file input15.tsv (TSV, N, CA and C atoms)
chain	number	residue	atom	x	y	z
N	1	MET	N	-69.85	20.84	-91.80
N	1	MET	CA	-71.28	20.68	-91.56
N	1	MET	C	-71.48	20.01	-90.21
N	2	GLY	N	-72.21	20.67	-89.35
N	2	GLY	CA	-72.48	20.14	-88.02
N	2	GLY	C	-73.75	19.32	-87.99
N	3	LEU	N	-74.15	18.99	-86.79
N	3	LEU	CA	-75.40	18.26	-86.63
N	3	LEU	C	-76.59	19.13	-87.01
N	4	VAL	N	-76.50	20.42	-86.68
N	4	VAL	CA	-77.59	21.34	-86.96
N	4	VAL	C	-77.01	22.54	-87.70
N	5	ASP	N	-77.51	22.81	-88.87
N	5	ASP	CA	-77.07	23.96	-89.65
N	5	ASP	C	-78.27	24.84	-89.97
N	6	ILE	N	-78.02	26.14	-90.06
N	6	ILE	CA	-79.07	27.09	-90.43
N	6	ILE	C	-78.88	27.43	-91.89
N	7	ASN	N	-79.93	27.25	-92.67
N	7	ASN	CA	-79.91	27.57	-94.09
N	7	ASN	C	-80.15	29.08	-94.23
N	8	HIS	N	-79.11	29.81	-94.61
N	8	HIS	CA	-79.23	31.27	-94.71
N	8	HIS	C	-79.89	31.72	-96.01
N	9	ASN	N	-79.97	30.85	-96.99
N	9	ASN	CA	-80.61	31.19	-98.27
N	9	ASN	C	-81.65	30.13	-98.61
N	10	PRO	N	-82.78	30.11	-97.90
N	10	PRO	CA	-83.80	29.10	-98.18
N	10	PRO	C	-84.51	29.40	-99.50
N	11	SER	N	-84.96	28.35	-100.16
N	11	SER	CA	-85.71	28.51	-101.40
N	11	SER	C	-87.15	28.96	-101.07
N	12	GLN	N	-87.88	29.34	-102.10
N	12	GLN	CA	-89.26	29.77	-101.89
N	12	GLN	C	-90.12	28.62	-101.37
N	13	GLY	N	-89.85	27.41	-101.84
N	13	GLY	CA	-90.59	26.25	-101.35
N	13	GLY	C	-90.34	25.99	-99.88
N	14	GLU	N	-89.08	26.13	-99.46
N	14	GLU	CA	-88.76	25.97	-98.04
N	14	GLU	C	-89.42	27.04	-97.19
N	15	LEU	N	-89.48	28.25	-97.72
N	15	LEU	CA	-90.13	29.33	-96.97
N	15	LEU	C	-91.63	29.09	-96.84
N	16	LYS	N	-92.25	28.56	-97.89
N	16	LYS	CA	-93.69	28.26	-97.82
N	16	LYS	C	-93.95	27.18	-96.77
N	17	TRP	N	-93.14	26.12	-96.79
N	17	TRP	CA	-93.30	25.06	-95.80
N	17	TRP	C	-93.04	25.57	-94.39
N	18	PHE	N	-92.08	26.46	-94.26
N	18	PHE	CA	-91.81	27.03	-92.95
N	18	PHE	C	-93.00	27.81	-92.44
N	19	GLY	N	-93.60	28.63	-93.30
N	19	GLY	CA	-94.78	29.41	-92.90
N	19	GLY	C	-95.91	28.52	-92.44
N	20	LEU	N	-96.17	27.46	-93.18
N	20	LEU	CA	-97.24	26.53	-92.81
N	20	LEU	C	-96.91	25.80	-91.52
N	21	SER	N	-95.68	25.32	-91.39
N	21	SER	CA	-95.31	24.57	-90.19
N	21	SER	C	-95.27	25.46	-88.95
N	22	ALA	N	-94.84	26.71	-89.10
N	22	ALA	CA	-94.84	27.63	-87.95
N	22	ALA	C	-96.28	27.90	-87.49
N	23	PHE	N	-97.18	28.07	-88.45
N	23	PHE	CA	-98.59	28.28	-88.12
N	23	PHE	C	-99.15	27.07	-87.39
N	24	LEU	N	-98.89	25.87	-87.91
N	24	LEU	CA	-99.39	24.66	-87.27
N	24	LEU	C	-98.77	24.45	-85.89
N	25	PHE	N	-97.47	24.72	-85.76
N	25	PHE	CA	-96.79	24.56	-84.48
N	25	PHE	C	-97.41	25.47	-83.42
N	26	LEU	N	-97.55	26.75	-83.74
N	26	LEU	CA	-98.12	27.69	-82.76
N	26	LEU	C	-99.57	27.35	-82.44
N	27	GLY	N	-100.33	26.93	-83.45
N	27	GLY	CA	-101.72	26.54	-83.22
N	27	GLY	C	-101.85	25.32	-82.33
N	28	ILE	N	-101.02	24.30	-82.59
N	28	ILE	CA	-101.09	23.07	-81.80
N	28	ILE	C	-100.62	23.32	-80.37
N	29	VAL	N	-99.55	24.10	-80.21
N	29	VAL	CA	-99.08	24.43	-78.86
N	29	VAL	C	-100.17	25.21	-78.11
N	30	GLY	N	-100.86	26.11	-78.81
N	30	GLY	CA	-101.96	26.84	-78.19
N	30	GLY	C	-103.08	25.92	-77.73
N	31	VAL	N	-103.43	24.95	-78.55
N	31	VAL	CA	-104.47	23.99	-78.18
N	31	VAL	C	-104.01	23.15	-76.99
N	32	LEU	N	-102.77	22.70	-77.00
N	32	LEU	CA	-102.27	21.89	-75.89
N	32	LEU	C	-102.25	22.67	-74.57
N	33	ILE	N	-101.85	23.92	-74.64
N	33	ILE	CA	-101.86	24.75	-73.42
N	33	ILE	C	-103.28	24.94	-72.91
N	34	TRP	N	-104.21	25.12	-73.82
N	34	TRP	CA	-105.60	25.32	-73.42
N	34	TRP	C	-106.17	24.03	-72.80
N	35	LEU	N	-105.94	22.89	-73.44
N	35	LEU	CA	-106.51	21.64	-72.93
N	35	LEU	C	-105.80	21.14	-71.68
N	36	ARG	N	-104.50	21.27	-71.63
N	36	ARG	CA	-103.72	20.70	-70.52
N	36	ARG	C	-103.76	21.57	-69.27
N	37	PHE	N	-103.60	22.88	-69.45
N	37	PHE	CA	-103.48	23.78	-68.31
N	37	PHE	C	-104.66	24.74	-68.15
N	38	ASP	N	-105.60	24.70	-69.08
N	38	ASP	CA	-106.79	25.56	-69.05
N	38	ASP	C	-106.41	27.03	-68.99
N	39	LEU	N	-105.42	27.41	-69.77
N	39	LEU	CA	-104.96	28.79	-69.86
N	39	LEU	C	-105.40	29.36	-71.20
N	40	LEU	N	-106.66	29.76	-71.26
N	40	LEU	CA	-107.22	30.24	-72.51
N	40	LEU	C	-106.56	31.53	-72.97
N	41	ARG	N	-106.14	32.38	-72.04
N	41	ARG	CA	-105.52	33.65	-72.40
N	41	ARG	C	-104.20	33.41	-73.16
N	42	TRP	N	-103.36	32.49	-72.65
N	42	TRP	CA	-102.09	32.20	-73.31
N	42	TRP	C	-102.32	31.48	-74.64
N	43	SER	N	-103.34	30.65	-74.69
N	43	SER	CA	-103.68	30.00	-75.95
N	43	SER	C	-104.09	31.02	-76.99
N	44	ALA	N	-104.90	31.99	-76.57
N	44	ALA	CA	-105.33	33.04	-77.49
N	44	ALA	C	-104.15	33.86	-77.97
N	45	VAL	N	-103.18	34.09	-77.11
N	45	VAL	CA	-101.98	34.82	-77.52
N	45	VAL	C	-101.23	34.04	-78.59
N	46	LEU	N	-101.07	32.74	-78.39
N	46	LEU	CA	-100.37	31.92	-79.39
N	46	LEU	C	-101.14	31.84	-80.70
N	47	TRP	N	-102.45	31.71	-80.64
N	47	TRP	CA	-103.24	31.67	-81.87
N	47	TRP	C	-103.17	33.00	-82.61
N	48	THR	N	-103.23	34.11	-81.86
N	48	THR	CA	-103.10	35.42	-82.49
N	48	THR	C	-101.74	35.57	-83.14
N	49	LEU	N	-100.70	35.13	-82.43
N	49	LEU	CA	-99.35	35.18	-82.98
N	49	LEU	C	-99.25	34.32	-84.24
N	50	ALA	N	-99.89	33.16	-84.23
N	50	ALA	CA	-99.86	32.28	-85.40
N	50	ALA	C	-100.52	32.96	-86.60
N	51	PHE	N	-101.69	33.56	-86.39
N	51	PHE	CA	-102.38	34.21	-87.50
N	51	PHE	C	-101.64	35.46	-87.96
N	52	LEU	N	-101.05	36.22	-87.03
N	52	LEU	CA	-100.26	37.38	-87.42
N	52	LEU	C	-99.03	36.96	-88.21
N	53	LEU	N	-98.37	35.92	-87.76
N	53	LEU	CA	-97.18	35.43	-88.45
N	53	LEU	C	-97.52	35.00	-89.88
N	54	VAL	N	-98.58	34.24	-90.02
N	54	VAL	CA	-98.97	33.79	-91.36
N	54	VAL	C	-99.42	34.96	-92.21
N	55	GLY	N	-100.17	35.89	-91.62
N	55	GLY	CA	-100.62	37.06	-92.37
N	55	GLY	C	-99.45	37.90	-92.87
N	56	ILE	N	-98.52	38.19	-91.99
N	56	ILE	CA	-97.33	38.95	-92.39
N	56	ILE	C	-96.49	38.14	-93.37
N	57	PHE	N	-96.39	36.85	-93.10
N	57	PHE	CA	-95.54	35.99	-93.91
N	57	PHE	C	-95.99	35.95	-95.35
N	58	TYR	N	-97.30	35.87	-95.57
N	58	TYR	CA	-97.79	35.77	-96.94
N	58	TYR	C	-98.20	37.12	-97.54
N	59	ALA	N	-98.46	38.12	-96.71
N	59	ALA	CA	-98.84	39.43	-97.24
N	59	ALA	C	-97.61	40.25	-97.62
N	60	ALA	N	-96.52	40.06	-96.92
N	60	ALA	CA	-95.29	40.81	-97.21
N	60	ALA	C	-94.17	39.81	-97.53
N	61	PRO	N	-94.06	39.41	-98.81
N	61	PRO	CA	-93.06	38.40	-99.17
N	61	PRO	C	-91.62	38.81	-98.85
N	62	ALA	N	-91.35	40.11	-98.76
N	62	ALA	CA	-89.99	40.55	-98.46
N	62	ALA	C	-89.58	40.19	-97.02
N	63	LEU	N	-90.57	39.95	-96.16
N	63	LEU	CA	-90.27	39.63	-94.76
N	63	LEU	C	-90.16	38.12	-94.49
N	64	LYS	N	-90.36	37.31	-95.53
N	64	LYS	CA	-90.31	35.86	-95.32
N	64	LYS	C	-88.95	35.41	-94.80
N	65	ARG	N	-87.90	35.82	-95.48
N	65	ARG	CA	-86.56	35.36	-95.10
N	65	ARG	C	-86.15	35.88	-93.72
N	66	PRO	N	-86.35	37.17	-93.38
N	66	PRO	CA	-86.00	37.62	-92.03
N	66	PRO	C	-86.78	36.89	-90.93
N	67	ILE	N	-88.07	36.65	-91.15
N	67	ILE	CA	-88.86	35.91	-90.16
N	67	ILE	C	-88.31	34.49	-90.00
N	68	TYR	N	-88.00	33.87	-91.12
N	68	TYR	CA	-87.43	32.53	-91.10
N	68	TYR	C	-86.12	32.51	-90.31
N	69	LEU	N	-85.22	33.46	-90.58
N	69	LEU	CA	-83.92	33.49	-89.91
N	69	LEU	C	-84.06	33.79	-88.42
N	70	ILE	N	-84.97	34.69	-88.05
N	70	ILE	CA	-85.19	34.98	-86.63
N	70	ILE	C	-85.66	33.72	-85.91
N	71	TRP	N	-86.59	33.00	-86.51
N	71	TRP	CA	-87.11	31.77	-85.92
N	71	TRP	C	-85.99	30.73	-85.79
N	72	MET	N	-85.19	30.58	-86.84
N	72	MET	CA	-84.12	29.58	-86.81
N	72	MET	C	-83.07	29.91	-85.75
N	73	TYR	N	-82.70	31.17	-85.64
N	73	TYR	CA	-81.71	31.54	-84.62
N	73	TYR	C	-82.30	31.45	-83.21
N	74	ALA	N	-83.60	31.70	-83.07
N	74	ALA	CA	-84.22	31.60	-81.76
N	74	ALA	C	-84.25	30.15	-81.27
N	75	PHE	N	-84.48	29.20	-82.19
N	75	PHE	CA	-84.59	27.80	-81.80
N	75	PHE	C	-83.30	27.00	-82.00
N	76	PHE	N	-82.24	27.65	-82.45
N	76	PHE	CA	-80.97	26.94	-82.67
N	76	PHE	C	-80.43	26.30	-81.39
N	77	PRO	N	-80.41	27.00	-80.24
N	77	PRO	CA	-79.89	26.33	-79.03
N	77	PRO	C	-80.69	25.09	-78.65
N	78	LEU	N	-82.00	25.15	-78.82
N	78	LEU	CA	-82.84	24.00	-78.51
N	78	LEU	C	-82.53	22.82	-79.44
N	79	SER	N	-82.43	23.09	-80.74
N	79	SER	CA	-82.16	22.02	-81.69
N	79	SER	C	-80.76	21.44	-81.49
N	80	TRP	N	-79.79	22.28	-81.16
N	80	TRP	CA	-78.43	21.79	-80.91
N	80	TRP	C	-78.42	20.86	-79.70
N	81	THR	N	-79.11	21.28	-78.63
N	81	THR	CA	-79.14	20.48	-77.41
N	81	THR	C	-79.85	19.16	-77.63
N	82	VAL	N	-80.99	19.17	-78.28
N	82	VAL	CA	-81.76	17.95	-78.50
N	82	VAL	C	-80.98	16.98	-79.39
N	83	SER	N	-80.36	17.48	-80.45
N	83	SER	CA	-79.63	16.57	-81.34
N	83	SER	C	-78.45	15.92	-80.62
N	84	HIS	N	-77.73	16.69	-79.81
N	84	HIS	CA	-76.61	16.11	-79.08
N	84	HIS	C	-77.08	15.13	-78.00
N	85	LEU	N	-78.18	15.43	-77.35
N	85	LEU	CA	-78.71	14.49	-76.36
N	85	LEU	C	-79.17	13.19	-77.01
N	86	LEU	N	-79.78	13.28	-78.20
N	86	LEU	CA	-80.21	12.07	-78.89
N	86	LEU	C	-79.02	11.21	-79.32
N	87	PHE	N	-77.97	11.85	-79.81
N	87	PHE	CA	-76.79	11.08	-80.19
N	87	PHE	C	-76.13	10.46	-78.97
N	88	ALA	N	-76.07	11.19	-77.87
N	88	ALA	CA	-75.48	10.64	-76.64
N	88	ALA	C	-76.33	9.48	-76.13
N	89	ALA	N	-77.64	9.61	-76.16
N	89	ALA	CA	-78.52	8.53	-75.71
N	89	ALA	C	-78.36	7.30	-76.61
N	90	ALA	N	-78.28	7.52	-77.92
N	90	ALA	CA	-78.09	6.38	-78.82
N	90	ALA	C	-76.77	5.68	-78.54
N	91	PHE	N	-75.73	6.46	-78.27
N	91	PHE	CA	-74.44	5.84	-78.00
N	91	PHE	C	-74.45	5.07	-76.69
N	92	TYR	N	-74.91	5.72	-75.64
N	92	TYR	CA	-74.83	5.08	-74.33
N	92	TYR	C	-75.90	4.02	-74.09
N	93	LEU	N	-77.01	4.10	-74.79
N	93	LEU	CA	-78.07	3.10	-74.59
N	93	LEU	C	-78.05	1.98	-75.62
N	94	VAL	N	-77.31	2.15	-76.72
N	94	VAL	CA	-77.25	1.11	-77.74
N	94	VAL	C	-75.83	0.56	-77.88
N	95	MET	N	-74.88	1.43	-78.15
N	95	MET	CA	-73.52	0.98	-78.43
N	95	MET	C	-72.81	0.43	-77.18
N	96	THR	N	-72.97	1.09	-76.06
N	96	THR	CA	-72.28	0.65	-74.85
N	96	THR	C	-72.73	-0.74	-74.39
N	97	PRO	N	-74.04	-1.04	-74.36
N	97	PRO	CA	-74.42	-2.42	-74.00
N	97	PRO	C	-73.92	-3.46	-74.99
N	98	ILE	N	-73.86	-3.11	-76.27
N	98	ILE	CA	-73.32	-4.06	-77.26
N	98	ILE	C	-71.86	-4.34	-76.97
N	99	LYS	N	-71.09	-3.29	-76.69
N	99	LYS	CA	-69.67	-3.45	-76.36
N	99	LYS	C	-69.49	-4.28	-75.10
N	100	LEU	N	-70.29	-4.00	-74.08
N	100	LEU	CA	-70.19	-4.76	-72.84
N	100	LEU	C	-70.55	-6.23	-73.06
N	101	GLY	N	-71.55	-6.49	-73.86
N	101	GLY	CA	-71.94	-7.86	-74.16
N	101	GLY	C	-70.86	-8.61	-74.92
N	102	LEU	N	-70.27	-7.96	-75.91
N	102	LEU	CA	-69.18	-8.59	-76.66
N	102	LEU	C	-67.97	-8.85	-75.78
N	103	THR	N	-67.69	-7.92	-74.87
N	103	THR	CA	-66.57	-8.10	-73.95
N	103	THR	C	-66.83	-9.26	-73.00
N	104	LEU	N	-68.06	-9.39	-72.53
N	104	LEU	CA	-68.38	-10.47	-71.59
N	104	LEU	C	-68.24	-11.86	-72.21
N	105	VAL	N	-68.59	-11.97	-73.50
N	105	VAL	CA	-68.46	-13.27	-74.14
N	105	VAL	C	-67.07	-13.47	-74.74
N	106	GLY	N	-66.20	-12.47	-74.65
N	106	GLY	CA	-64.82	-12.61	-75.11
N	106	GLY	C	-64.64	-12.47	-76.60
N	107	TYR	N	-65.59	-11.84	-77.28
N	107	TYR	CA	-65.49	-11.67	-78.73
N	107	TYR	C	-64.79	-10.36	-79.04
N	108	ASP	N	-63.75	-10.42	-79.88
N	108	ASP	CA	-62.98	-9.24	-80.26
N	108	ASP	C	-62.91	-9.17	-81.78
N	109	PRO	N	-63.91	-8.55	-82.44
N	109	PRO	CA	-63.97	-8.58	-83.90
N	109	PRO	C	-62.80	-7.86	-84.58
N	110	LEU	N	-62.12	-6.94	-83.89
N	110	LEU	CA	-61.00	-6.24	-84.50
N	110	LEU	C	-59.66	-6.88	-84.19
N	111	GLY	N	-59.65	-7.89	-83.39
N	111	GLY	CA	-58.41	-8.58	-83.06
N	111	GLY	C	-57.43	-7.69	-82.32
N	112	ARG	N	-57.89	-7.01	-81.30
N	112	ARG	CA	-57.05	-6.06	-80.57
N	112	ARG	C	-56.40	-6.66	-79.33
N	113	GLN	N	-56.54	-7.97	-79.11
N	113	GLN	CA	-55.95	-8.59	-77.93
N	113	GLN	C	-54.43	-8.61	-78.04
N	114	TRP	N	-53.77	-8.41	-76.94
N	114	TRP	CA	-52.32	-8.42	-76.88
N	114	TRP	C	-51.84	-9.87	-76.98
N	115	ASP	N	-50.96	-10.13	-77.94
N	115	ASP	CA	-50.43	-11.48	-78.14
N	115	ASP	C	-48.92	-11.43	-78.01
N	116	ARG	N	-48.41	-11.89	-76.89
N	116	ARG	CA	-46.96	-11.83	-76.64
N	116	ARG	C	-46.17	-12.77	-77.54
N	117	SER	N	-46.79	-13.82	-78.04
N	117	SER	CA	-46.08	-14.77	-78.89
N	117	SER	C	-46.01	-14.32	-80.35
N	118	ALA	N	-46.76	-13.29	-80.72
N	118	ALA	CA	-46.77	-12.83	-82.11
N	118	ALA	C	-45.53	-12.00	-82.41
N	119	ASP	N	-44.90	-12.28	-83.56
N	119	ASP	CA	-43.76	-11.46	-83.98
N	119	ASP	C	-44.22	-10.12	-84.52
N	120	THR	N	-45.37	-10.12	-85.18
N	120	THR	CA	-45.91	-8.90	-85.76
N	120	THR	C	-47.44	-9.00	-85.77
N	121	TYR	N	-48.07	-7.87	-85.86
N	121	TYR	CA	-49.53	-7.83	-85.97
N	121	TYR	C	-49.97	-7.56	-87.41
N	122	TRP	N	-49.05	-7.59	-88.31
N	122	TRP	CA	-49.34	-7.33	-89.71
N	122	TRP	C	-50.16	-8.48	-90.29
N	123	HIS	N	-51.23	-8.13	-91.01
N	123	HIS	CA	-52.05	-9.12	-91.71
N	123	HIS	C	-51.85	-8.92	-93.20
N	124	GLU	N	-51.50	-9.96	-93.87
N	124	GLU	CA	-51.25	-9.87	-95.31
N	124	GLU	C	-52.55	-9.54	-96.04
N	125	HIS	N	-52.46	-8.61	-96.95
N	125	HIS	CA	-53.64	-8.21	-97.73
N	125	HIS	C	-53.55	-8.84	-99.10
N	126	HIS	N	-54.62	-9.47	-99.52
N	126	HIS	CA	-54.67	-10.10	-100.84
N	126	HIS	C	-55.74	-9.37	-101.65
N	127	PRO	N	-55.31	-8.47	-102.54
N	127	PRO	CA	-56.30	-7.72	-103.33
N	127	PRO	C	-57.04	-8.63	-104.31
N	128	ALA	N	-58.23	-8.19	-104.68
N	128	ALA	CA	-59.05	-8.96	-105.62
N	128	ALA	C	-58.41	-8.93	-106.99
N	129	SER	N	-58.47	-10.04	-107.68
N	129	SER	CA	-57.86	-10.10	-109.01
N	129	SER	C	-58.77	-9.49	-110.07
N	130	ASP	N	-60.06	-9.49	-109.83
N	130	ASP	CA	-61.01	-8.96	-110.81
N	130	ASP	C	-61.51	-7.59	-110.35
N	131	PRO	N	-61.22	-6.51	-111.11
N	131	PRO	CA	-61.67	-5.17	-110.69
N	131	PRO	C	-63.19	-5.03	-110.63
N	132	LYS	N	-63.94	-5.89	-111.33
N	132	LYS	CA	-65.40	-5.81	-111.29
N	132	LYS	C	-65.93	-6.12	-109.89
N	133	ARG	N	-65.12	-6.79	-109.10
N	133	ARG	CA	-65.52	-7.12	-107.74
N	133	ARG	C	-65.80	-5.86	-106.92
N	134	TYR	N	-65.12	-4.76	-107.23
N	134	TYR	CA	-65.31	-3.53	-106.47
N	134	TYR	C	-66.70	-2.94	-106.69
N	135	PHE	N	-67.36	-3.30	-107.77
N	135	PHE	CA	-68.71	-2.81	-108.03
N	135	PHE	C	-69.77	-3.72	-107.41
N	136	ARG	N	-69.36	-4.89	-106.90
N	136	ARG	CA	-70.24	-5.81	-106.20
N	136	ARG	C	-69.75	-5.92	-104.76
N	137	GLN	N	-70.08	-4.95	-103.96
N	137	GLN	CA	-69.54	-4.91	-102.62
N	137	GLN	C	-70.21	-5.91	-101.68
N	138	PHE	N	-71.42	-6.34	-101.99
N	138	PHE	CA	-72.13	-7.24	-101.10
N	138	PHE	C	-72.49	-8.51	-101.81
call {"tool": "encode", "arguments": {"input": "input15.tsv", "output": "structure tokens"}}
result
Amino acid sequence: MGLVDINHNPSQGELKWFGLSAFLFLGIVGVLIWLRFDLLRWSAVLWTLAFLLVGIFYAAPALKRPIYLIWMYAFFPLSWTVSHLLFAAAFYLVMTPIKLGLTLVGYDPLGRQWDRSADTYWHEHHPASDPKRYFRQF
């Protein structure tokens, strides 16, 4: 399972939500294009496409799944790129500064510092005597 997967067998409920969300998405994008760029012709194209999509989607139930799959495959590269960029941003903007801060103050929570005087790096493990402890992890 990757970051982004395409559901090839969506349920009827998922298809209904997809139809509604696709209609709202195309309608909102049409409104934004009209208000931001004053391109009424392109807005009308998107609104027409939204109404045609919903009309076909609910008038011909046999076409629901193919329309859904076409949409998912069309937007898969975009969703893959955005998800990977978000994970990279979270790593480099959150985890890296934390690591740098811990390094600056000399804190090593994993005990990875090289110790020439140590005979071994083995840490003795003392298991819990009461098995019920495993059900109380915190």
call {"tool": "closest_atom_pairs", "arguments": {"input": "input15.tsv", "of": "stretch 46-80 of chain N", "to": "stretch 6-19 of chain N", "cutoff": "7 Å", "atoms": "only N, CA and C atoms", "output": "CSV"}}
result
residue,atom,partner,partner_atom,distance
N:Leu53,C,N:Gly19,CA,6.9
N:Val54,CA,N:Gly19,C,6.2
N:Phe57,CA,N:Gly19,CA,6.7
N:Lys64,C,N:Leu15,CA,6.6
N:Met72,CA,N:Ile6,CA,6.7
call {"tool": "atom_distance", "arguments": {"input": "input15.tsv", "atom1": "atom CA of N:Trp71", "atom2": "atom CA of N:Leu85"}}
result
21.5 Å
call {"tool": "closest_residue", "arguments": {"input": "input15.tsv", "among": "N:Trp34, N:Ala22, N:Lys132, N:Asp108", "to": "N:Phe75", "atoms": "only C-alpha atoms"}}
result
N:Ala22
call {"tool": "select_by_dssp", "arguments": {"input": "input15.tsv", "residues": "chain N", "states": "helix (DSSP H, G or I)", "output": "PyMOL selection string"}}
result
chain N and resi 12-37+40-59+61-105+131-135
call {"tool": "axis_aligned_box", "arguments": {"input": "input15.tsv", "around": "stretch 20-28 of chain N", "padding_each_side": "4 Å", "output": "JSON"}}
result
{"center_x": -98.3, "center_y": 25.7, "center_z": -86.8, "size_x": 15.0, "size_y": 13.2, "size_z": 20.8}
call {"tool": "atom_distance", "arguments": {"input": "input15.tsv", "atom1": "atom CA of N:Leu46", "atom2": "atom CA of N:His84"}}
result
28.5 Å
call {"tool": "atom_distance", "arguments": {"input": "input15.tsv", "atom1": "atom C of N:Leu49", "atom2": "atom CA of N:Gly30"}}
result
10.0 Å
call {"tool": "residues_around", "arguments": {"input": "input15.tsv", "residues": "N:Trp47", "least_positions_apart": "5", "cutoff": "6.5 Å", "atoms": "only N, CA and C atoms", "output": "PyMOL selection string"}}
result
chain N and resi 26-27+30+42+52
call {"tool": "residues_around", "arguments": {"input": "input15.tsv", "residues": "N:Ile33", "least_positions_apart": "5", "cutoff": "8 Å", "atoms": "only C-alpha atoms", "output": "list of chain:residue names"}}
result
N:Asp38, N:Leu39, N:Leu40, N:Trp42, N:Ser43
call {"tool": "decode", "arguments": {"input": "input15.tsv", "residues": "stretch 26-42 of chain N", "atoms": "N, CA and C atoms", "output": "PDB file, in the first residue's frame"}}
result
ATOM      1  N   LEU N  26     -15.941  21.032  -9.604  1.00  0.00           N
ATOM      2  CA  LEU N  26     -16.004  21.733 -10.888  1.00  0.00           C
ATOM      3  C   LEU N  26     -16.764  23.053 -10.761  1.00  0.00           C
ATOM      4  N   GLY N  27     -17.829  23.062  -9.961  1.00  0.00           N
ATOM      5  CA  GLY N  27     -18.583  24.298  -9.755  1.00  0.00           C
ATOM      6  C   GLY N  27     -17.778  25.364  -9.050  1.00  0.00           C
ATOM      7  N   ILE N  28     -17.052  24.974  -7.999  1.00  0.00           N
ATOM      8  CA  ILE N  28     -16.251  25.946  -7.246  1.00  0.00           C
ATOM      9  C   ILE N  28     -15.090  26.458  -8.082  1.00  0.00           C
ATOM     10  N   VAL N  29     -14.436  25.565  -8.828  1.00  0.00           N
ATOM     11  CA  VAL N  29     -13.342  26.009  -9.700  1.00  0.00           C
ATOM     12  C   VAL N  29     -13.883  26.974 -10.761  1.00  0.00           C
ATOM     13  N   GLY N  30     -15.083  26.696 -11.284  1.00  0.00           N
ATOM     14  CA  GLY N  30     -15.700  27.611 -12.238  1.00  0.00           C
ATOM     15  C   GLY N  30     -15.961  28.979 -11.644  1.00  0.00           C
ATOM     16  N   VAL N  31     -16.459  29.013 -10.421  1.00  0.00           N
ATOM     17  CA  VAL N  31     -16.708  30.290  -9.750  1.00  0.00           C
ATOM     18  C   VAL N  31     -15.396  31.030  -9.510  1.00  0.00           C
ATOM     19  N   LEU N  32     -14.371  30.320  -9.067  1.00  0.00           N
ATOM     20  CA  LEU N  32     -13.085  30.970  -8.813  1.00  0.00           C
ATOM     21  C   LEU N  32     -12.466  31.538 -10.091  1.00  0.00           C
ATOM     22  N   ILE N  33     -12.573  30.804 -11.180  1.00  0.00           N
ATOM     23  CA  ILE N  33     -12.050  31.315 -12.459  1.00  0.00           C
ATOM     24  C   ILE N  33     -12.821  32.558 -12.894  1.00  0.00           C
ATOM     25  N   TRP N  34     -14.114  32.545 -12.674  1.00  0.00           N
ATOM     26  CA  TRP N  34     -14.932  33.692 -13.066  1.00  0.00           C
ATOM     27  C   TRP N  34     -14.594  34.920 -12.198  1.00  0.00           C
ATOM     28  N   LEU N  35     -14.501  34.730 -10.889  1.00  0.00           N
ATOM     29  CA  LEU N  35     -14.246  35.866 -10.004  1.00  0.00           C
ATOM     30  C   LEU N  35     -12.807  36.353 -10.083  1.00  0.00           C
ATOM     31  N   ARG N  36     -11.865  35.451 -10.191  1.00  0.00           N
ATOM     32  CA  ARG N  36     -10.446  35.830 -10.143  1.00  0.00           C
ATOM     33  C   ARG N  36      -9.936  36.367 -11.479  1.00  0.00           C
ATOM     34  N   PHE N  37     -10.311  35.700 -12.571  1.00  0.00           N
ATOM     35  CA  PHE N  37      -9.762  36.056 -13.877  1.00  0.00           C
ATOM     36  C   PHE N  37     -10.791  36.639 -14.839  1.00  0.00           C
ATOM     37  N   ASP N  38     -12.050  36.701 -14.416  1.00  0.00           N
ATOM     38  CA  ASP N  38     -13.137  37.245 -15.233  1.00  0.00           C
ATOM     39  C   ASP N  38     -13.240  36.531 -16.579  1.00  0.00           C
ATOM     40  N   LEU N  39     -13.111  35.217 -16.542  1.00  0.00           N
ATOM     41  CA  LEU N  39     -13.231  34.382 -17.737  1.00  0.00           C
ATOM     42  C   LEU N  39     -14.552  33.628 -17.667  1.00  0.00           C
ATOM     43  N   LEU N  40     -15.614  34.315 -18.033  1.00  0.00           N
ATOM     44  CA  LEU N  40     -16.941  33.731 -17.930  1.00  0.00           C
ATOM     45  C   LEU N  40     -17.112  32.545 -18.869  1.00  0.00           C
ATOM     46  N   ARG N  41     -16.473  32.575 -20.028  1.00  0.00           N
ATOM     47  CA  ARG N  41     -16.605  31.484 -20.992  1.00  0.00           C
ATOM     48  C   ARG N  41     -16.050  30.178 -20.405  1.00  0.00           C
ATOM     49  N   TRP N  42     -14.857  30.242 -19.783  1.00  0.00           N
ATOM     50  CA  TRP N  42     -14.270  29.035 -19.203  1.00  0.00           C
ATOM     51  C   TRP N  42     -15.060  28.582 -17.975  1.00  0.00           C
TER      52      TRP N  42
END
